[in-house]
$ cat my_file-v6.csv   # CSV, C-alpha atoms
chain,number,residue,atom,x,y,z
B,13,MET,CA,0.0,0.0,0.0
B,14,PRO,CA,1.6,3.3,-1.0
B,15,LYS,CA,2.1,6.0,1.6
B,16,VAL,CA,2.7,9.7,1.5
B,17,LEU,CA,6.3,10.3,2.5
B,18,LYS,CA,6.3,14.1,2.5
B,19,SER,CA,3.7,16.8,1.6
B,20,ASP,CA,4.0,20.6,1.6
B,21,GLY,CA,0.9,20.9,3.8
B,22,ALA,CA,-2.1,21.9,1.7
B,23,LEU,CA,-2.6,18.4,0.2
B,24,GLN,CA,-5.3,16.1,1.7
B,25,TRP,CA,-5.2,12.3,1.1
B,26,ASP,CA,-7.0,9.1,1.8
B,27,GLU,CA,-5.1,5.7,2.1
B,28,GLY,CA,-5.6,2.7,-0.1
B,29,PRO,CA,-5.0,3.6,-3.7
B,30,ILE,CA,-4.0,7.1,-2.6
B,31,ALA,CA,-6.6,9.8,-3.4
B,32,LEU,CA,-4.9,13.2,-3.4
B,33,LYS,CA,-7.0,16.4,-3.3
B,34,CYS,CA,-5.9,20.0,-3.4
B,35,PRO,CA,-7.9,23.1,-2.6
B,36,GLU,CA,-8.6,25.7,-5.2
B,37,ARG,CA,-5.9,28.1,-6.4
B,38,THR,CA,-3.2,26.4,-4.3
B,39,TRP,CA,-0.3,24.3,-5.7
B,40,SER,CA,0.5,21.4,-3.5
B,41,SER,CA,3.0,18.5,-3.9
B,42,ALA,CA,3.6,15.1,-2.3
B,43,LEU,CA,6.4,12.5,-2.5
B,44,LEU,CA,5.2,9.0,-2.3
B,45,GLN,CA,6.8,5.8,-0.9
B,46,ALA,CA,8.4,3.4,-3.4
B,47,SER,CA,10.3,0.6,-1.9
B,48,GLY,CA,10.9,-1.6,-5.0
B,49,ARG,CA,14.6,-2.2,-5.4
B,50,GLY,CA,14.3,-2.3,-9.2
B,51,GLY,CA,12.0,0.7,-9.6
B,52,PHE,CA,8.2,1.2,-9.8
B,53,VAL,CA,5.2,1.8,-12.0
B,54,MET,CA,3.0,4.7,-10.8
B,55,LYS,CA,-0.6,4.7,-12.2
B,56,VAL,CA,-2.3,8.0,-12.0
B,57,VAL,CA,-6.0,8.6,-12.7
B,58,VAL,CA,-7.5,12.1,-12.9
B,59,VAL,CA,-10.7,12.3,-10.9
B,60,ARG,CA,-11.1,16.1,-11.0
B,61,GLY,CA,-8.6,18.5,-12.2
B,62,CYS,CA,-7.1,21.5,-13.6
B,63,SER,CA,-3.3,21.4,-13.3
B,64,ILE,CA,-1.8,18.1,-12.4
B,65,MET,CA,1.8,16.9,-12.7
B,66,ALA,CA,3.0,13.3,-12.0
B,67,GLY,CA,6.6,12.1,-12.1
B,68,ILE,CA,9.7,11.4,-10.0
B,69,ALA,CA,11.8,13.5,-7.6
B,70,PRO,CA,14.7,12.8,-5.3
B,71,ALA,CA,13.5,11.4,-2.0
B,72,ASP,CA,15.2,14.2,-0.1
B,73,ALA,CA,13.7,17.0,-2.3
B,74,ASP,CA,12.4,20.3,-0.9
B,75,ILE,CA,8.9,20.3,-2.2
B,76,SER,CA,7.9,23.7,-1.0
B,77,GLY,CA,6.9,26.3,-3.6
B,78,ALA,CA,6.3,26.3,-7.4
B,79,ALA,CA,10.1,26.4,-8.1
B,80,PHE,CA,10.0,22.7,-7.1
B,81,LEU,CA,8.4,21.8,-10.4
B,82,ARG,CA,10.9,23.7,-12.5
B,83,ASN,CA,14.1,22.6,-10.7
B,84,VAL,CA,13.6,19.1,-9.1
B,85,GLY,CA,12.8,15.8,-10.7
B,86,HIS,CA,10.9,15.0,-13.9
B,87,HIS,CA,7.2,15.5,-14.3
B,88,ILE,CA,4.5,14.9,-17.0
B,89,CYS,CA,1.8,17.5,-17.1
B,90,LEU,CA,-1.5,15.6,-17.4
B,91,TYR,CA,-3.2,18.6,-19.0
B,92,ARG,CA,-1.1,18.7,-22.1
B,93,LEU,CA,0.9,15.4,-21.8
B,94,THR,CA,4.2,17.4,-21.9
B,95,TRP,CA,7.4,16.9,-19.9
B,96,TYR,CA,9.1,19.2,-17.5
B,97,GLY,CA,12.5,18.3,-16.0
B,98,GLU,CA,15.5,19.2,-14.0
B,99,GLY,CA,17.6,22.0,-15.3
B,100,GLY,CA,14.8,24.1,-16.6
B,101,ILE,CA,13.3,21.8,-19.2
B,102,GLU,CA,9.9,23.1,-19.9
B,103,ASN,CA,7.0,22.0,-22.0
B,104,ARG,CA,8.7,19.4,-24.2
B,105,THR,CA,6.7,17.0,-26.2
B,106,VAL,CA,7.2,13.3,-25.4
B,107,VAL,CA,7.3,11.5,-28.7
B,108,GLY,CA,4.7,8.7,-28.8
B,109,LEU,CA,2.1,10.4,-26.6
B,110,PRO,CA,-0.9,12.2,-28.1
B,111,GLN,CA,-0.8,16.0,-27.9
B,112,ASN,CA,-3.9,16.4,-25.8
B,113,ARG,CA,-4.9,16.1,-22.2
B,114,LEU,CA,-5.6,13.0,-20.1
B,115,ALA,CA,-9.4,12.7,-19.9
B,116,LEU,CA,-11.2,12.2,-16.6
B,117,GLY,CA,-10.9,8.5,-15.6
B,118,GLU,CA,-8.0,7.8,-18.0
B,119,LYS,CA,-4.9,6.3,-16.5
B,120,LEU,CA,-1.3,7.4,-17.1
B,121,HIS,CA,1.5,4.9,-16.3
B,122,LEU,CA,4.9,6.2,-15.3
B,123,ARG,CA,7.6,3.5,-15.1
B,124,TYR,CA,10.9,4.2,-13.4
B,125,VAL,CA,13.6,1.5,-13.6
B,126,LEU,CA,17.1,1.6,-12.1
B,127,LYS,CA,19.1,-0.8,-14.2
B,128,PRO,CA,21.0,-0.9,-16.5
B,129,GLN,CA,20.6,2.9,-16.6
B,130,PRO,CA,17.9,4.9,-14.8
B,131,GLU,CA,15.0,5.4,-17.1
B,132,LEU,CA,11.6,7.1,-16.9
B,133,ALA,CA,9.0,6.0,-19.4
B,134,VAL,CA,5.3,6.8,-19.9
B,135,SER,CA,2.3,4.9,-21.3
B,136,LEU,CA,-1.4,5.4,-21.6
B,137,ASP,CA,-2.2,1.7,-22.0
B,138,GLY,CA,0.3,0.2,-19.5
B,139,LYS,CA,1.9,-2.0,-22.1
B,140,SER,CA,3.8,0.1,-24.7
B,141,PHE,CA,6.0,2.5,-22.8
B,142,THR,CA,7.7,5.6,-24.4
B,143,PRO,CA,11.0,6.7,-22.7
B,144,VAL,CA,11.2,10.3,-21.6
B,145,PRO,CA,14.4,11.7,-23.1
B,146,ALA,CA,15.8,12.7,-19.7
B,147,GLN,CA,19.3,12.4,-18.3
B,148,LEU,CA,18.5,10.8,-15.0
B,149,LYS,CA,21.0,11.0,-12.1
B,150,HIS,CA,21.8,8.0,-10.0
B,151,VAL,CA,19.9,9.2,-7.0
B,152,ASP,CA,17.0,7.8,-4.9
B,153,TYR,CA,13.9,8.9,-7.0
B,154,VAL,CA,10.4,8.4,-5.6
B,155,PRO,CA,7.0,9.0,-7.1
B,156,CYS,CA,5.8,12.6,-7.0
B,157,VAL,CA,2.5,14.3,-7.6
B,158,SER,CA,1.8,18.0,-7.8
B,159,LEU,CA,-1.6,19.5,-8.3
B,160,CYS,CA,-3.7,22.7,-8.2
B,161,ASN,CA,-7.4,22.5,-7.8
B,162,GLY,CA,-7.5,18.9,-8.6
B,163,GLU,CA,-7.9,15.3,-7.4
B,164,VAL,CA,-6.1,12.1,-8.5
B,165,THR,CA,-5.9,8.5,-7.4
B,166,VAL,CA,-2.4,6.9,-7.4
B,167,GLU,CA,-1.4,3.3,-7.3
B,168,ILE,CA,2.2,2.1,-7.2
B,169,GLU,CA,3.5,-1.2,-8.3
B,170,HIS,CA,7.0,-2.1,-7.1
B,171,LEU,CA,9.4,-3.7,-9.6
B,172,GLY,CA,11.9,-6.2,-8.3
B,173,ALA,CA,15.6,-5.8,-9.0
B,174,SER,CA,15.3,-8.0,-12.1
B,175,GLN,CA,11.6,-7.8,-12.9
B,176,HIS,CA,12.3,-5.2,-15.6
B,177,ASP,CA,14.4,-7.9,-17.4
B,178,ALA,CA,11.9,-10.7,-16.8
B,179,SER,CA,10.9,-10.9,-20.5
B,180,GLU,CA,14.5,-11.8,-21.4
B,181,GLY,CA,14.5,-14.6,-18.8
B,182,ARG,CA,11.2,-16.0,-20.2
B,183,LYS,CA,12.7,-16.2,-23.7
B,184,LEU,CA,15.4,-18.5,-22.3
B,185,ILE,CA,13.1,-21.0,-20.6
B,186,PRO,CA,12.5,-23.2,-23.6
B,187,GLU,CA,16.2,-23.3,-24.4
B,188,ARG,CA,17.1,-24.3,-20.8
B,189,LEU,CA,14.4,-27.0,-20.8
B,190,TRP,CA,15.8,-28.4,-24.0
B,191,GLN,CA,19.3,-28.4,-22.5
B,192,ASP,CA,18.2,-30.1,-19.3
B,193,ARG,CA,16.2,-32.9,-21.0
B,194,LEU,CA,16.7,-36.4,-19.9
B,195,PHE,CA,16.1,-38.9,-22.7
$ encode --input "my_file-v6.csv" --output "structure tokens"
Amino acid sequence: MPKVLKSDGALQWDEGPIALKCPERTWSSALLQASGRGGFVMKVVVVRGCSIMAGIAPADADISGAAFLRNVGHHICLYRLTWYGEGGIENRTVVGLPQNRLALGEKLHLRYVLKPQPELAVSLDGKSFTPVPAQLKHVDYVPCVSLCNGEVTVEIEHLGASQHDASEGRKLIPERLWQDRLF
């Protein structure tokens, strides 16, 4: 069950699949717990909203103020499905995503994996992920949500250290079975 690690104070939430709510005309952010050693998949559903950002940020990030969004972590704006990132990256299109907003009830999947290189990728269907062209540092990133006058639900699926490479292992099973045969 995901938990809120840190919030800047204005955010309200319920446990379970986390339901985050923010009062009108107030930006608020939260860092969420992710204990998977190999990374995580964060699933975000817009319940009600205006400005909503979902992404990753260092676990020790200062999340106070709007400068947080421009200077710390990497975020996808659910209003225009554009990417904002560390170092002042603003409003960049992510190739492979439609150029419109996430509709109410639609789910955005953000996958963060640690190995072989840290990677952030996004998907609307949860199957075909598009990498975000970000230069990720080797730091402890956690899921992050920032919103203004909105409400989202968030689920987090933890990836094991090698879960991200599981498809490669599955491809080798028939070969291993053939090599281990006894006849």
$ residues_around --input "my_file-v6.csv" --residues "region 144-147 of chain B" --least-positions-apart "4" --cutoff "7 Å" --atoms "all atoms listed in the file" --output "VMD selection string"
chain B and resid 106 132 to 133
$ closest_residue --input "my_file-v6.csv" --among "B:Ile88, B:Val56, B:Leu171, B:Cys62" --to "Ile30 (chain B)" --atoms "all atoms listed in the file"
B:Val56
$ closest_residue --input "my_file-v6.csv" --among "B:Val166, B:Leu148, B:Val157, B:Leu114" --to "Asp20 (chain B)" --atoms "all atoms listed in the file"
B:Val157
$ residues_around --input "my_file-v6.csv" --residues "Ala69 (chain B)" --least-positions-apart "2" --cutoff "8 Å" --atoms "only C-alpha atoms" --output "VMD selection string"
chain B and resid 43 67 71 73 84 to 86 153 to 156
$ write_last_selection --input "my_file-v6.csv" --atoms "C-alpha atoms" --output "PDB file, keeping the file's coordinate frame"
ATOM      1  CA  LEU B  43       6.400  12.500  -2.500  1.00  0.00           C
ATOM      2  CA  GLY B  67       6.600  12.100 -12.100  1.00  0.00           C
ATOM      3  CA  ALA B  71      13.500  11.400  -2.000  1.00  0.00           C
ATOM      4  CA  ALA B  73      13.700  17.000  -2.300  1.00  0.00           C
ATOM      5  CA  VAL B  84      13.600  19.100  -9.100  1.00  0.00           C
ATOM      6  CA  GLY B  85      12.800  15.800 -10.700  1.00  0.00           C
ATOM      7  CA  HIS B  86      10.900  15.000 -13.900  1.00  0.00           C
ATOM      8  CA  TYR B 153      13.900   8.900  -7.000  1.00  0.00           C
ATOM      9  CA  VAL B 154      10.400   8.400  -5.600  1.00  0.00           C
ATOM     10  CA  PRO B 155       7.000   9.000  -7.100  1.00  0.00           C
ATOM     11  CA  CYS B 156       5.800  12.600  -7.000  1.00  0.00           C
TER      12      CYS B 156
END
$ atom_distance --input "my_file-v6.csv" --atom1 "CA of Thr94 (chain B)" --atom2 "CA of Lys18 (chain B)"
24.7 Å
